[in-house]
Amino acid sequence: MPTQAEHTEYMYLRPTKKFPNVWCAGCGIGIVMGALIRAIDRIGLEKDDVALVSGIGCTGRMPVYMDFNTMHTTHGRALAFATGLKIARPTMKVITIMGDGDAIAIGGNHFIHAARRNIGITAIVVNNSIYGMTGGQYSPTTPIGAKAATAPYGNIEPPMPICELAKAAGATFVARSTVYHAVELDRFIEQAIRKNGFSLVEAVSYCPTTFGRMNKLGSTVDMMRQLKENSVSASAAEKLSPEERETKIVRGVVHDIEKPEYTQLYEELIQRVQAAQAPKPAQA
Amino acid sequence: MTVRLMQGNEAVGWGAIAAGCKFFAGYPITPSTEIAEMLSRELPKVGGKFIQMEDEIASLAACIGASVGGLKSLTATSGPGFSLMQEHIGYAAMTEIPVVIVDVQRLGPSTGQPTSASQGDVMQSRWGTHGDHPMIVLSPVSVRQSFDLTVKAFNFSEKYRTPVILLTDEVIGHMREKIELPDFDSVERVERIATDVPPEWYKPYGDSLSDVPPMANFGEGYRYHITALFHDVLGYPTTRLDEIDPWIERVHRKIERNLNDIILVEEDLSENDKTVVVTYGASARSARHAVKLARQRRTKVGMVTLLTLWPFAEDEISRVAKTAKRIIVPEMNLGQIALEVERVAGRNKVVRVNRANGEMVTPQMILEAIEDR
């Protein structure tokens, strides 16, 4: 068995940051953090060339533990901060880490416009269907009928499909997996970071402390098992009837296309403008 | 030196370029939009970048992100957009990231009268964001000063690692004047203090003699954490009182110890002025004319023009208040900077001259106040 120091993850954790982390025992966010580190390690990125930008909430606390350029911003605005940073440093790998409420409710506008611009940012959305840090209020991904601190009689709002939203808005790589399928998550995040364009990975997670308790979903282990049993791969989903598919978390690469990336287009714009400005050689 | 006929808003854009601004993010709003239009055209020519964001919240966020990446950054807006930016003005103050915000004031509240002038955001510029924080706010009187104070705003922002607000108004922003612009290479540019220690020793919020810690840009080998939670010297979140208190004290001290540098006023005073007009922005233009007319009638009157609104010029105003019996404060609002003048000079000395309907305070209104003894 490898010692602690031999684990890949430890090479990327901040030596100066005091652990333990802020997350509840059994939380899925740590699995996404591990997957992110393994993906970065597999690509072989230099730590100096990676920036992690997060918003507010349980998921927003993830960057502080990792030894990269890290920025914990305001609720919902991680992508807007990341847009400025990516434009200032086009060669940097800028990765935003958001929760479902963070990315899709308060940050929904920035989410669709970052995707529309196809700016080279990777967005990781940890979707646990609830506002965890504030105590379990319903989010834009809470299922209909589920109970929450602000939906004591059951949620009546339909949830937002995050991947489909990103695809429709213009993202060039979109994938979904769960924290049970950690190996698959590594792979999707790796593919997303390698993509030259706006890429999104939705990591479906759970919240044992709020959502699970209020909806009587059992222990962390039970909730993990539900992710396994309630999800299907994209290929398996094709064999299901539309009604059956509706009840499942469909895992896989939802969308993968090539399109010009924003910061590259802007570099070309600068070159075009400056070339037009250059003094023309005198005519003979 | 080039002579040009231009708007105040255009002069802000040129001032930004002269100061070394390389990034603008904004959202269209009257009466500030000319600044965005001008920089969308000019920034690429100097290798800078322009982006029109989805709203004002995102605009200031992008500016802060670009500043962390090492680019001097500007955004420009007006009242309603300025309100949307308040959260991120606090973020920049908390994380000590240089950025310049222009608010071309229009008549409010709310949508109000977008094409009319006002000076209604004086208090918002100081106290609009939540929590205790220092703020530097500059306010130009002319087109040329729009250029100069934009350069100053960038320089203060970099020097003190703080957001700086340039508070202009619809009159100054849309007015055209013939001005001489200096050679941009001759303009004084201040750059943020870079760190000279190896990365493993770097403390992004550590002590420094000037109270302004050196700032490393992302991507230059100094990996660190930025958060708007209260943070320790390494930038990590803290709830310890012995780490929160020193932070609060230091960020206020870095401004308060440098008031001589930051507070800019123009004084036109003679000994024994019993009446002094204290004003700023577009109202200073009317005031100057009123003072001239009063002096032609041999009325003794002095004038102080505040170019720095915040921090407030307490020492300068209290010096004036020692000899003056009446201090006249014309403003295009119902009395905002007058509250500060009253705080320093005493309420019984201050005569307010206000107008908050989109029109300027006229020289006649100020003249009547001067001569009403």
# chains A, B, ... in the order shown; residues from 1 in each chain; ligands from 1
call {"tool": "interface_residues", "arguments": {"of": "chain B", "to": "chain A", "cutoff": "7 Å", "atoms": "only C-alpha atoms", "output": "MDAnalysis selection string"}}
result
chainID B and resid 44:45 47 54 58 61:66 68:71 218:219 221 223:228
call {"tool": "residues_around", "arguments": {"residues": "Gly108 of chain B", "least_positions_apart": "4", "cutoff": "10 Å", "atoms": "only C-alpha atoms", "output": "list of chain:residue names"}}
result
B:Ser78, B:Gly79, B:Pro80, B:Gly112, B:Gln113, B:Pro114, B:Ser116, B:Ala117, B:Ser118, B:Gln119, B:Gly120, B:Asp121, B:Asn333, B:Ala356, B:Asn357, B:Gly358
call {"tool": "atom_distance", "arguments": {"atom1": "atom CA of Glu46 of chain A", "atom2": "atom CA of Val126 of chain A"}}
result
24.4 Å
call {"tool": "closest_atom_pairs", "arguments": {"of": "segment 88-157 of chain A", "to": "segment 26-36 of chain A", "cutoff": "10 Å", "atoms": "only C-alpha atoms", "output": "JSON lines"}}
result
{"residue": "A:Ile95", "atom": "CA", "partner": "A:Leu36", "partner_atom": "CA", "distance": 9.7}
{"residue": "A:Ile97", "atom": "CA", "partner": "A:Met33", "partner_atom": "CA", "distance": 9.5}
{"residue": "A:Gly99", "atom": "CA", "partner": "A:Ile29", "partner_atom": "CA", "distance": 9.6}
{"residue": "A:Ile124", "atom": "CA", "partner": "A:Val32", "partner_atom": "CA", "distance": 8.8}
{"residue": "A:Val125", "atom": "CA", "partner": "A:Val32", "partner_atom": "CA", "distance": 9.6}
{"residue": "A:Val126", "atom": "CA", "partner": "A:Ile29", "partner_atom": "CA", "distance": 7.0}
{"residue": "A:Asn127", "atom": "CA", "partner": "A:Ile29", "partner_atom": "CA", "distance": 9.4}
{"residue": "A:Asn128", "atom": "CA", "partner": "A:Gly28", "partner_atom": "CA", "distance": 8.5}
call {"tool": "closest_residue", "arguments": {"among": "B:Val3, B:Leu209, B:Met135, B:Ile337", "to": "Glu180 of chain B", "atoms": "only C-alpha atoms"}}
result
B:Val3
call {"tool": "select_by_dssp", "arguments": {"residues": "segment 108-207 of chain A", "states": "alpha helix (DSSP H)", "output": "number ranges by chain"}}
result
A: 108-117, 162-169, 182-194
call {"tool": "residues_around", "arguments": {"residues": "segment 290-306 of chain B", "least_positions_apart": "3", "cutoff": "8 Å", "atoms": "only C-alpha atoms", "output": "compact mmCIF listing (two decimals) with C-alpha atoms, in the first residue's frame"}}
result
# COMPACT_ATOMS: atom_id res chain seq x y z
CA SER B 139 -14.28 63.95 -8.81
CA LEU B 264 -6.52 66.83 -3.60
CA VAL B 265 -8.19 70.23 -3.28
CA GLU B 266 -7.99 73.46 -5.22
CA GLU B 267 -8.06 76.51 -2.97
CA ASP B 268 -8.85 80.00 -4.16
CA LEU B 269 -8.77 81.81 -0.84
CA SER B 270 -7.54 85.08 0.50
CA ASP B 273 -12.70 85.48 3.57
CA LYS B 274 -15.88 85.56 5.60
CA THR B 275 -17.72 83.55 2.97
CA VAL B 276 -16.27 80.44 1.32
CA VAL B 277 -17.89 78.19 -1.29
CA VAL B 278 -17.02 74.52 -0.90
CA THR B 279 -17.93 72.47 -3.92
CA TYR B 280 -16.96 69.78 -6.44
CA ALA B 284 -17.82 73.81 -9.08
CA SER B 286 -21.25 77.26 -11.57
CA ALA B 287 -19.57 78.18 -8.29
CA LEU B 309 -14.35 63.60 -2.09
CA ALA B 313 -10.77 66.87 3.34
CA PRO B 363 -24.32 80.64 -10.77
CA GLN B 364 -27.26 82.90 -9.89
CA ILE B 366 -24.94 80.48 -5.65
CA LEU B 367 -24.50 84.24 -6.05
CA ILE B 370 -23.12 84.49 -1.29
CA GLU B 371 -24.78 87.89 -1.11
call {"tool": "atom_distance", "arguments": {"atom1": "atom CA of Met85 of chain B", "atom2": "atom CA of Val99 of chain B"}}
result
12.2 Å
call {"tool": "residues_around", "arguments": {"residues": "Val254 of chain A", "least_positions_apart": "6", "cutoff": "9 Å", "atoms": "only C-alpha atoms", "output": "PDB file with C-alpha atoms, in the first residue's frame"}}
result
ATOM      1  CA  CYS A 163     -25.740  19.923 -18.980  1.00  0.00           C
ATOM      2  CA  GLU A 164     -28.521  20.680 -21.433  1.00  0.00           C
ATOM      3  CA  LYS A 167     -25.033  22.752 -24.430  1.00  0.00           C
ATOM      4  CA  PHE A 173     -17.628  20.057 -24.053  1.00  0.00           C
ATOM      5  CA  VAL A 174     -20.316  18.879 -21.647  1.00  0.00           C
ATOM      6  CA  ALA A 175     -20.241  15.746 -19.486  1.00  0.00           C
ATOM      7  CA  ARG A 176     -22.036  14.350 -16.445  1.00  0.00           C
ATOM      8  CA  ALA A 234     -25.360   7.194 -22.008  1.00  0.00           C
TER       9      ALA A 234
END
call {"tool": "residues_around", "arguments": {"residues": "Glu157 of chain A", "least_positions_apart": "5", "cutoff": "10 Å", "atoms": "only C-alpha atoms", "output": "list in words"}}
result
Tyr138, Ser139, Pro140, Thr141, Thr142, Pro143, Ile144, Gly145, Ala146 and Ala151 of chain A
call {"tool": "select_by_dssp", "arguments": {"residues": "segment 117-230 of chain A", "states": "strand (DSSP E)", "output": "PyMOL selection string"}}
result
chain A and resi 121-127+130-131+137-138+173-178+199-204
call {"tool": "write_last_selection", "arguments": {"atoms": "N, CA and C atoms", "output": "PDB file, in the first residue's frame"}}
result
ATOM      1  N   ILE A 121     -12.589  28.219 -20.379  1.00  0.00           N
ATOM      2  CA  ILE A 121     -12.665  27.979 -18.937  1.00  0.00           C
ATOM      3  C   ILE A 121     -13.337  26.628 -18.739  1.00  0.00           C
ATOM      4  N   THR A 122     -12.846  25.863 -17.774  1.00  0.00           N
ATOM      5  CA  THR A 122     -13.525  24.624 -17.397  1.00  0.00           C
ATOM      6  C   THR A 122     -14.394  24.891 -16.179  1.00  0.00           C
ATOM      7  N   ALA A 123     -15.677  24.574 -16.284  1.00  0.00           N
ATOM      8  CA  ALA A 123     -16.585  24.765 -15.158  1.00  0.00           C
ATOM      9  C   ALA A 123     -16.931  23.400 -14.574  1.00  0.00           C
ATOM     10  N   ILE A 124     -16.666  23.245 -13.278  1.00  0.00           N
ATOM     11  CA  ILE A 124     -17.079  22.021 -12.591  1.00  0.00           C
ATOM     12  C   ILE A 124     -18.221  22.395 -11.657  1.00  0.00           C
ATOM     13  N   VAL A 125     -19.366  21.768 -11.874  1.00  0.00           N
ATOM     14  CA  VAL A 125     -20.509  22.061 -11.019  1.00  0.00           C
ATOM     15  C   VAL A 125     -20.815  20.818 -10.175  1.00  0.00           C
ATOM     16  N   VAL A 126     -20.652  20.958  -8.869  1.00  0.00           N
ATOM     17  CA  VAL A 126     -21.010  19.872  -7.960  1.00  0.00           C
ATOM     18  C   VAL A 126     -22.491  20.055  -7.628  1.00  0.00           C
ATOM     19  N   ASN A 127     -23.299  19.110  -8.115  1.00  0.00           N
ATOM     20  CA  ASN A 127     -24.748  19.240  -7.994  1.00  0.00           C
ATOM     21  C   ASN A 127     -25.260  18.316  -6.891  1.00  0.00           C
ATOM     22  N   ILE A 130     -29.190  21.034  -3.503  1.00  0.00           N
ATOM     23  CA  ILE A 130     -29.625  21.737  -2.290  1.00  0.00           C
ATOM     24  C   ILE A 130     -28.615  22.843  -1.953  1.00  0.00           C
ATOM     25  N   TYR A 131     -29.051  23.852  -1.198  1.00  0.00           N
ATOM     26  CA  TYR A 131     -28.100  24.806  -0.604  1.00  0.00           C
ATOM     27  C   TYR A 131     -27.658  24.206   0.726  1.00  0.00           C
ATOM     28  N   GLN A 137     -31.854  24.765   1.900  1.00  0.00           N
ATOM     29  CA  GLN A 137     -32.959  25.375   1.157  1.00  0.00           C
ATOM     30  C   GLN A 137     -32.992  24.787  -0.260  1.00  0.00           C
ATOM     31  N   TYR A 138     -34.171  24.821  -0.900  1.00  0.00           N
ATOM     32  CA  TYR A 138     -34.247  24.205  -2.235  1.00  0.00           C
ATOM     33  C   TYR A 138     -33.476  25.027  -3.259  1.00  0.00           C
ATOM     34  N   PHE A 173     -17.753  21.392 -24.656  1.00  0.00           N
ATOM     35  CA  PHE A 173     -17.628  20.057 -24.053  1.00  0.00           C
ATOM     36  C   PHE A 173     -18.520  20.007 -22.818  1.00  0.00           C
ATOM     37  N   VAL A 174     -19.385  19.007 -22.771  1.00  0.00           N
ATOM     38  CA  VAL A 174     -20.316  18.879 -21.647  1.00  0.00           C
ATOM     39  C   VAL A 174     -20.384  17.402 -21.241  1.00  0.00           C
ATOM     40  N   ALA A 175     -20.178  17.134 -19.954  1.00  0.00           N
ATOM     41  CA  ALA A 175     -20.241  15.746 -19.486  1.00  0.00           C
ATOM     42  C   ALA A 175     -20.840  15.694 -18.091  1.00  0.00           C
ATOM     43  N   ARG A 176     -21.427  14.523 -17.760  1.00  0.00           N
ATOM     44  CA  ARG A 176     -22.036  14.350 -16.445  1.00  0.00           C
ATOM     45  C   ARG A 176     -21.614  13.004 -15.868  1.00  0.00           C
ATOM     46  N   SER A 177     -21.243  13.027 -14.597  1.00  0.00           N
ATOM     47  CA  SER A 177     -21.028  11.769 -13.894  1.00  0.00           C
ATOM     48  C   SER A 177     -21.430  11.973 -12.433  1.00  0.00           C
ATOM     49  N   THR A 178     -21.125  11.006 -11.586  1.00  0.00           N
ATOM     50  CA  THR A 178     -21.502  11.147 -10.180  1.00  0.00           C
ATOM     51  C   THR A 178     -20.280  10.898  -9.298  1.00  0.00           C
ATOM     52  N   SER A 199     -15.889  24.368 -21.213  1.00  0.00           N
ATOM     53  CA  SER A 199     -16.228  22.969 -20.935  1.00  0.00           C
ATOM     54  C   SER A 199     -16.891  22.869 -19.573  1.00  0.00           C
ATOM     55  N   LEU A 200     -17.821  21.942 -19.466  1.00  0.00           N
ATOM     56  CA  LEU A 200     -18.578  21.776 -18.223  1.00  0.00           C
ATOM     57  C   LEU A 200     -18.600  20.313 -17.809  1.00  0.00           C
ATOM     58  N   VAL A 201     -18.321  20.070 -16.548  1.00  0.00           N
ATOM     59  CA  VAL A 201     -18.561  18.739 -15.981  1.00  0.00           C
ATOM     60  C   VAL A 201     -19.531  18.900 -14.814  1.00  0.00           C
ATOM     61  N   GLU A 202     -20.662  18.216 -14.912  1.00  0.00           N
ATOM     62  CA  GLU A 202     -21.598  18.186 -13.792  1.00  0.00           C
ATOM     63  C   GLU A 202     -21.292  16.937 -12.972  1.00  0.00           C
ATOM     64  N   ALA A 203     -20.897  17.151 -11.734  1.00  0.00           N
ATOM     65  CA  ALA A 203     -20.621  16.027 -10.835  1.00  0.00           C
ATOM     66  C   ALA A 203     -21.808  15.895  -9.886  1.00  0.00           C
ATOM     67  N   VAL A 204     -22.637  14.896 -10.128  1.00  0.00           N
ATOM     68  CA  VAL A 204     -23.827  14.729  -9.285  1.00  0.00           C
ATOM     69  C   VAL A 204     -23.379  14.169  -7.932  1.00  0.00           C
TER      70      VAL A 204
END
call {"tool": "closest_residue", "arguments": {"among": "B:Gly346, B:Val122, B:Lys152, B:Ser208", "to": "Ile262 of chain B", "atoms": "only C-alpha atoms"}}
result
B:Lys152
call {"tool": "residues_around", "arguments": {"residues": "Thr129 of chain B", "least_positions_apart": "6", "cutoff": "12 Å", "atoms": "only C-alpha atoms", "output": "list of chain:residue names"}}
result
B:Phe82, B:Ser83, B:Leu84, B:Met85, B:Gln86, B:Glu87, B:His88, B:Ile89, B:Gly90, B:Tyr91, B:Ala92, B:Ala93, B:Met94, B:Met123, B:Met135, B:Pro163
call {"tool": "residues_around", "arguments": {"residues": "Ile328 of chain B", "least_positions_apart": "4", "cutoff": "6 Å", "atoms": "only C-alpha atoms", "output": "list of chain:residue names"}}
result
B:Val277, B:Val350, B:Val351, B:Arg352
call {"tool": "write_last_selection", "arguments": {"atoms": "C-alpha atoms", "output": "PDB file, in the first residue's frame"}}
result
ATOM      1  CA  VAL B 277     -17.893  78.195  -1.286  1.00  0.00           C
ATOM      2  CA  VAL B 350     -23.192  75.875   6.457  1.00  0.00           C
ATOM      3  CA  VAL B 351     -25.558  77.188   3.797  1.00  0.00           C
ATOM      4  CA  ARG B 352     -26.801  74.525   1.445  1.00  0.00           C
TER       5      ARG B 352
END
call {"tool": "closest_residue", "arguments": {"among": "B:Glu158, B:Glu271, B:Glu200, B:Asp185", "to": "Thr323 of chain B", "atoms": "only C-alpha atoms"}}
result
B:Glu271
call {"tool": "atom_distance", "arguments": {"atom1": "atom CA of Pro246 of chain B", "atom2": "atom CA of Pro213 of chain B"}}
result
13.3 Å
